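*Asks:* Got a file for you: upload08.cif, mmCIF, C-alpha atoms.
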```cif
data_entry
#
loop_
_atom_site.label_atom_id
_atom_site.label_comp_id
_atom_site.auth_asym_id
_atom_site.auth_seq_id
_atom_site.Cartn_x
_atom_site.Cartn_y
_atom_site.Cartn_z
CA MET A 1 9.96 -18.37 -12.09
CA SER A 2 8.97 -19.99 -8.79
CA GLU A 3 11.41 -17.75 -6.92
CA LEU A 4 9.97 -14.62 -8.57
CA TRP A 5 6.46 -15.71 -7.62
CA GLN A 6 7.53 -16.21 -4.01
CA ILE A 7 9.06 -12.71 -3.97
CA PHE A 8 5.90 -11.22 -5.46
CA LYS A 9 3.32 -12.96 -3.28
CA LYS A 10 4.95 -12.17 0.06
CA GLY A 11 3.79 -8.57 -0.31
CA LEU A 12 0.20 -9.68 -0.78
CA LEU A 13 -0.21 -11.28 2.64
CA GLU A 14 2.86 -12.60 4.47
CA GLU A 15 4.51 -9.15 4.54
CA ASN A 16 1.53 -6.98 3.67
CA PRO A 17 2.64 -3.35 4.16
CA ILE A 18 -0.44 -2.38 6.20
CA PHE A 19 -1.87 -5.55 7.75
CA ILE A 20 1.46 -7.17 8.72
CA LEU A 21 4.27 -4.61 8.63
CA ALA A 22 2.01 -1.73 9.77
CA LEU A 23 3.89 0.75 7.55
CA SER A 24 2.46 3.81 5.76
CA LEU A 25 -0.69 3.90 7.86
CA CYS A 26 -1.16 7.63 7.22
CA PRO A 27 -2.91 7.18 3.83
CA ALA A 28 -4.90 4.25 5.21
CA LEU A 29 -6.36 6.60 7.81
CA ALA A 30 -6.73 9.68 5.65
CA VAL A 31 -7.80 8.81 2.11
CA THR A 32 -9.78 5.58 2.42
CA THR A 33 -13.14 7.29 2.93
CA THR A 34 -14.12 6.10 -0.56
CA VAL A 35 -13.08 3.14 -2.70
CA ILE A 36 -12.03 5.43 -5.56
CA ASN A 37 -9.67 7.38 -3.33
CA GLY A 38 -8.22 4.20 -1.84
CA LEU A 39 -7.69 2.67 -5.28
CA THR A 40 -6.06 5.84 -6.62
CA MET A 41 -3.62 6.02 -3.72
CA GLY A 42 -2.92 2.29 -3.97
CA LEU A 43 -2.13 2.43 -7.69
CA THR A 44 0.02 5.53 -7.20
CA VAL A 45 2.07 3.85 -4.48
CA THR A 46 2.36 0.69 -6.60
CA PHE A 47 3.76 2.72 -9.49
CA VAL A 48 6.17 4.62 -7.24
CA ILE A 49 7.47 1.66 -5.23
CA THR A 50 7.91 -0.54 -8.33
CA SER A 51 9.64 2.17 -10.35
CA ASN A 52 11.88 3.17 -7.44
CA ASN A 53 12.89 -0.44 -6.81
CA VAL A 54 13.96 -0.75 -10.43
CA VAL A 55 15.92 2.53 -10.32
CA VAL A 56 17.66 1.64 -7.04
CA SER A 57 18.55 -1.81 -8.36
CA LEU A 58 20.09 -0.26 -11.49
CA ILE A 59 22.23 2.27 -9.62
CA ARG A 60 23.04 0.22 -6.50
CA ASN A 61 26.63 -0.45 -7.55
CA PHE A 62 27.33 3.21 -8.33
CA VAL A 63 25.99 4.84 -5.15
CA ASN A 64 28.28 5.54 -2.21
CA PRO A 65 26.73 3.82 0.84
CA LYS A 66 27.16 7.01 2.87
CA VAL A 67 24.75 8.95 0.63
CA ARG A 68 22.40 6.15 -0.36
CA VAL A 69 19.39 7.44 1.58
CA PRO A 70 19.42 10.95 0.01
CA VAL A 71 19.81 9.30 -3.40
CA TYR A 72 16.85 6.98 -2.74
CA ILE A 73 14.67 9.88 -1.56
CA THR A 74 15.62 11.93 -4.63
CA SER A 75 14.58 9.01 -6.84
CA ILE A 76 11.29 8.62 -4.98
CA ALA A 77 10.56 12.36 -5.15
CA THR A 78 11.17 12.39 -8.91
CA ILE A 79 8.84 9.46 -9.54
CA VAL A 80 6.16 10.91 -7.25
CA THR A 81 6.34 14.21 -9.16
CA VAL A 82 5.74 12.33 -12.42
CA ALA A 83 2.73 10.57 -10.87
CA GLN A 84 1.36 13.88 -9.59
CA LEU A 85 1.69 15.55 -12.99
CA VAL A 86 -0.07 12.64 -14.73
CA LEU A 87 -2.96 12.72 -12.25
CA GLN A 88 -3.21 16.50 -12.45
CA ALA A 89 -3.29 16.41 -16.26
CA TYR A 90 -5.62 13.48 -16.87
CA PHE A 91 -7.54 12.96 -13.60
CA PRO A 92 -7.87 16.43 -12.01
CA LEU A 93 -10.75 15.44 -9.71
CA LEU A 94 -8.78 12.54 -8.26
CA TYR A 95 -5.71 14.74 -7.97
CA LYS A 96 -7.73 17.28 -5.99
CA ALA A 97 -9.27 14.57 -3.79
CA MET A 98 -5.83 13.18 -2.89
CA GLY A 99 -4.60 16.65 -1.94
CA ILE A 100 -1.40 16.85 0.09
CA TYR A 101 -1.27 13.07 0.60
CA LEU A 102 0.13 12.59 -2.91
CA ALA A 103 3.17 14.66 -2.00
CA LEU A 104 3.55 12.69 1.22
CA VAL A 105 4.10 9.50 -0.79
CA VAL A 106 7.74 10.63 -0.94
CA VAL A 107 8.17 9.85 2.75
CA PHE A 108 6.10 6.67 2.93
CA ALA A 109 8.13 4.24 5.01
CA ILE A 110 7.32 1.19 2.89
CA ILE A 111 8.88 2.70 -0.26
CA LEU A 112 12.17 3.62 1.36
CA ALA A 113 12.19 0.35 3.31
CA ARG A 114 11.95 -1.80 0.17
CA ALA A 115 14.69 0.24 -1.51
CA GLU A 116 17.00 -0.23 1.48
CA VAL A 117 16.10 -3.81 2.41
CA PHE A 118 15.61 -5.41 -1.00
CA ALA A 119 16.30 -3.37 -4.15
CA SER A 120 19.76 -2.26 -3.04
CA LYS A 121 20.80 -5.90 -2.72
CA HIS A 122 19.12 -7.62 -5.70
CA GLY A 123 18.83 -7.47 -9.47
CA VAL A 124 16.28 -5.57 -11.52
CA VAL A 125 13.82 -8.40 -12.13
CA LYS A 126 13.66 -9.48 -8.50
CA SER A 127 13.41 -5.87 -7.35
CA PHE A 128 10.55 -5.26 -9.79
CA CYS A 129 8.68 -8.30 -8.47
CA ASP A 130 9.25 -7.20 -4.88
CA GLY A 131 8.04 -3.66 -5.51
CA PHE A 132 5.05 -4.77 -7.56
CA GLY A 133 4.06 -7.36 -4.96
CA MET A 134 4.32 -4.87 -2.11
CA GLY A 135 2.35 -2.33 -4.15
CA CYS A 136 -0.39 -4.85 -4.91
CA GLY A 137 -0.57 -5.81 -1.25
CA PHE A 138 -0.80 -2.15 -0.26
CA THR A 139 -3.53 -1.54 -2.85
CA ALA A 140 -5.52 -4.58 -1.72
CA ALA A 141 -5.35 -3.44 1.90
CA MET A 142 -6.42 0.08 0.94
CA LEU A 143 -9.38 -1.31 -1.02
CA VAL A 144 -10.54 -3.50 1.87
CA ILE A 145 -10.35 -0.60 4.32
CA ALA A 146 -11.97 1.85 1.88
CA ALA A 147 -14.82 -0.52 0.98
CA ILE A 148 -15.73 -1.14 4.62
CA ARG A 149 -15.49 2.56 5.51
CA GLU A 150 -17.51 3.76 2.52
CA VAL A 151 -20.27 1.17 2.94
CA THR A 152 -20.66 1.58 6.70
CA GLY A 153 -19.83 5.28 6.92
CA SER A 154 -21.65 6.60 3.85
CA GLY A 155 -23.96 3.77 2.80
CA THR A 156 -22.49 3.78 -0.70
CA PHE A 157 -20.06 1.75 -2.80
CA LEU A 158 -18.20 3.49 -5.60
CA GLY A 159 -20.58 6.37 -4.98
CA TYR A 160 -23.74 4.32 -5.51
CA PRO A 161 -26.21 3.77 -2.63
CA VAL A 162 -26.28 0.17 -1.39
CA PHE A 163 -28.90 0.50 1.35
CA GLY A 164 -32.37 1.93 1.56
CA GLU A 165 -33.32 5.45 2.56
CA ASN A 166 -33.75 4.39 6.19
CA PHE A 167 -30.10 3.38 6.55
CA ASN A 168 -28.33 5.34 9.28
CA PRO A 169 -24.59 5.44 8.44
CA MET A 170 -21.91 5.12 11.10
CA LEU A 171 -20.35 8.55 10.70
CA MET A 172 -17.39 7.57 12.87
CA MET A 173 -16.23 5.21 10.12
CA ILE A 174 -15.43 8.06 7.73
CA LEU A 175 -13.35 9.78 10.41
CA PRO A 176 -9.71 8.89 11.26
CA PRO A 177 -10.62 7.32 14.67
CA GLY A 178 -12.99 4.91 12.95
CA ALA A 179 -10.32 4.00 10.41
CA PHE A 180 -7.78 3.45 13.17
CA ILE A 181 -10.11 1.05 15.02
CA LEU A 182 -10.96 -0.78 11.80
CA ILE A 183 -7.30 -1.20 10.84
CA GLY A 184 -6.56 -2.54 14.32
CA TYR A 185 -9.20 -5.27 13.93
CA LEU A 186 -8.02 -6.10 10.40
CA VAL A 187 -4.39 -6.37 11.53
CA ALA A 188 -5.37 -8.61 14.43
CA GLY A 189 -7.58 -10.76 12.21
CA THR A 190 -4.91 -11.14 9.52
CA LYS A 191 -2.18 -12.10 11.97
CA THR A 192 -4.48 -14.57 13.76
CA TRP A 193 -5.42 -16.17 10.45
CA LEU A 194 -1.79 -16.48 9.35
CA ARG A 195 -0.81 -17.97 12.70
CA LYS A 196 -3.53 -20.62 12.41
CA ILE A 197 -2.38 -21.46 8.89
CA GLU A 198 1.20 -21.85 10.13
CA GLU A 199 0.08 -24.02 13.07
CA ALA A 200 -1.95 -26.25 10.74
CA LYS A 201 1.05 -26.58 8.42
CA LEU A 202 3.32 -27.57 11.32
CA LYS A 203 0.80 -30.18 12.54
CA LYS A 204 0.55 -31.63 9.05
CA GLU A 205 4.33 -31.89 8.75
CA ALA A 206 4.59 -33.46 12.21
CA ALA A 207 2.00 -36.06 11.29
#
```
The structure in this file should be written as structure tokens.

*Replies:*
Amino acid sequence: MSELWQIFKKGLLEENPIFILALSLCPALAVTTTVINGLTMGLTVTFVITSNNVVVSLIRNFVNPKVRVPVYITSIATIVTVAQLVLQAYFPLLYKAMGIYLALVVVFAIILARAEVFASKHGVVKSFCDGFGMGCGFTAAMLVIAAIREVTGSGTFLGYPVFGENFNPMLMMILPPGAFILIGYLVAGTKTWLRKIEEAKLKKEAA
């Protein structure tokens, strides 16, 4: 159980897809103008990456290494299609808000990377934990970015005003350049924080 927890939690911070690995930044720039959009994309990616990890782990011994990448992409595309159909059927407004970025989930680097690096070499349970952890880390990062952008760029949170009528929003924050700058600061802050934690741990062990 301890090993599974370690596999899961590394995606939350130590190997966070956005703040540490800097993978799949396209949705972080494009759809995080509101918290709802960020959460929807995060949950969709979590479902896709977890499901794909399980599928790849199940078929890993039956796939010829020479065609593994096309097989992985086919699996991802199938799962993404299922997610799209569910959103379209039950959450049409969110489906419309996500637009073309839902289809682009198929080529998100983090999903293919986890299939290649982890799921193709481990069992189903470990692969599930890895995918779910990475998905949760991705979702958390998307929520942080979306919350900051929505509050500062629109003056709202979950669509509700949080400031008075005199608030002058920073319009740049709801544009891709503002998101890019914000992500840069968050990546730098996260890595600095982790480095300080590691340094403190080393000092404690040395003492």

*Asks:* Name the residues captured by the PyMOL selection byres ((chain A and resi 48) around 9) when it is applied to the shown file; answer as a VMD selection string.

*Replies:* chain A and resid 43 to 47 49 to 53 76 79 to 80 83 105 to 106 111 131 135

*Asks:* For the residues in that selection, give me C-alpha atoms as a compact mmCIF listing (two decimals), in the coordinates of the input.

*Replies:*
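Once written, out17.txt looks like this:
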```
# COMPACT_ATOMS: atom_id res chain seq x y z
CA LEU A 43 -2.13 2.43 -7.69
CA THR A 44 0.02 5.53 -7.20
CA VAL A 45 2.07 3.85 -4.48
CA THR A 46 2.36 0.69 -6.60
CA PHE A 47 3.76 2.72 -9.49
CA ILE A 49 7.47 1.66 -5.23
CA THR A 50 7.91 -0.54 -8.33
CA SER A 51 9.64 2.17 -10.35
CA ASN A 52 11.88 3.17 -7.44
CA ASN A 53 12.89 -0.44 -6.81
CA ILE A 76 11.29 8.62 -4.98
CA ILE A 79 8.84 9.46 -9.54
CA VAL A 80 6.16 10.91 -7.25
CA ALA A 83 2.73 10.57 -10.87
CA VAL A 105 4.10 9.50 -0.79
CA VAL A 106 7.74 10.63 -0.94
CA ILE A 111 8.88 2.70 -0.26
CA GLY A 131 8.04 -3.66 -5.51
CA GLY A 135 2.35 -2.33 -4.15
```

*Asks:* Mind pulling up the distance from CA of Val86 (chain A) to CA of Leu13 (chain A)?

*Replies:*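 Going from CA of Leu13 (chain A) over to CA of Val86 (chain A), I get 29.6 Å.
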
*Asks:* What separation in Å, quoted to one decimal, exists between CA of Glu150 (chain A) and CA of Ile174 (chain A)?

*Replies:*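 Taking CA of Glu150 (chain A) and CA of Ile174 (chain A), their separation equals 7.1 Å.
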
*Asks:* I'd like to know which of A:Ile110, A:Val124, A:Ala22, A:Leu29 is closest to Met173 (chain A), using all atoms listed in the file.

*Replies:* A:Leu29

*Asks:* Between A:Gln84, A:Gln6, A:Thr190, A:Asn37, which residue has the minimum interatomic distance to Gly133 (chain A), considering all atoms listed in the file?

*Replies:*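 Among A:Gln84, A:Gln6, A:Thr190, A:Asn37, it is A:Gln6 that comes nearest to Gly133 (chain A).
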
*Asks:* Output the residue selection produced by the PyMOL selection byres ((chain A and resi 118) around 12) on the file above, formatted as a ChimeraX atom specification.

*Replies:* /A:7,49-50,52-54,56-57,60,110-117,119-131,134

*Asks:* Using only C-alpha atoms, which residues sit within 12 Å of region 191-195 of chain A once same-chain residues fewer than 3 positions away are excluded, as a ChimeraX atom specification?

*Replies:* /A:13-16,18-22,184-188,198-202

*Asks:* Report, in Å to a single decimal, how far apart CA of Asn168 (chain A) and CA of Ser154 (chain A) are.

*Replies:*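 CA of Ser154 (chain A) sits 8.7 Å away from CA of Asn168 (chain A).
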
*Asks:* Could you tell me which residues the PyMOL selection byres ((chain A and resi 182) around 12) grabs in this file, written as a ChimeraX atom specification?

*Replies:* /A:19,25,28-29,32,141-142,144-149,152-153,172-181,183-189

*Asks:* Name the closest residue to Trp5 (chain A) among the candidates A:Phe132, A:Phe108, A:Tyr101, A:Tyr160; distances are taken between atoms, counting all atoms listed in the file.

*Replies:*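 Using all atoms listed in the file, the shortest distance to Trp5 (chain A) belongs to A:Phe132.
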
*Asks:* Leaving out region 95-99 of chain A and any residue of its chain fewer than 6 positions from it, which residues lie within 10 Å of it when counting only C-alpha atoms, given as a PyMOL selection string?

*Replies:* chain A and resi 27+30-31+36-38+40-41+83-89

*Asks:* Nearest to Leu104 (chain A): which of A:Val67, A:Ala206, A:Leu12, A:Cys26 is it, counting all atoms listed in the file?

*Replies:*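 Of the candidates, the smallest distance to Leu104 (chain A) is held by A:Cys26.
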
*Asks:* With only C-alpha atoms as the basis for distance, which of A:Gly11, A:Ile73, A:Pro17, A:Thr34 is at the shortest distance from Gly155 (chain A)?

*Replies:*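 Once distances to Gly155 (chain A) are computed over only C-alpha atoms, the minimum belongs to A:Thr34.
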
*Asks:* Using only C-alpha atoms, which residue out of A:Lys10, A:Ala109, A:Val151, A:Val55 lies closest to Thr78 (chain A)?

*Replies:* A:Val55
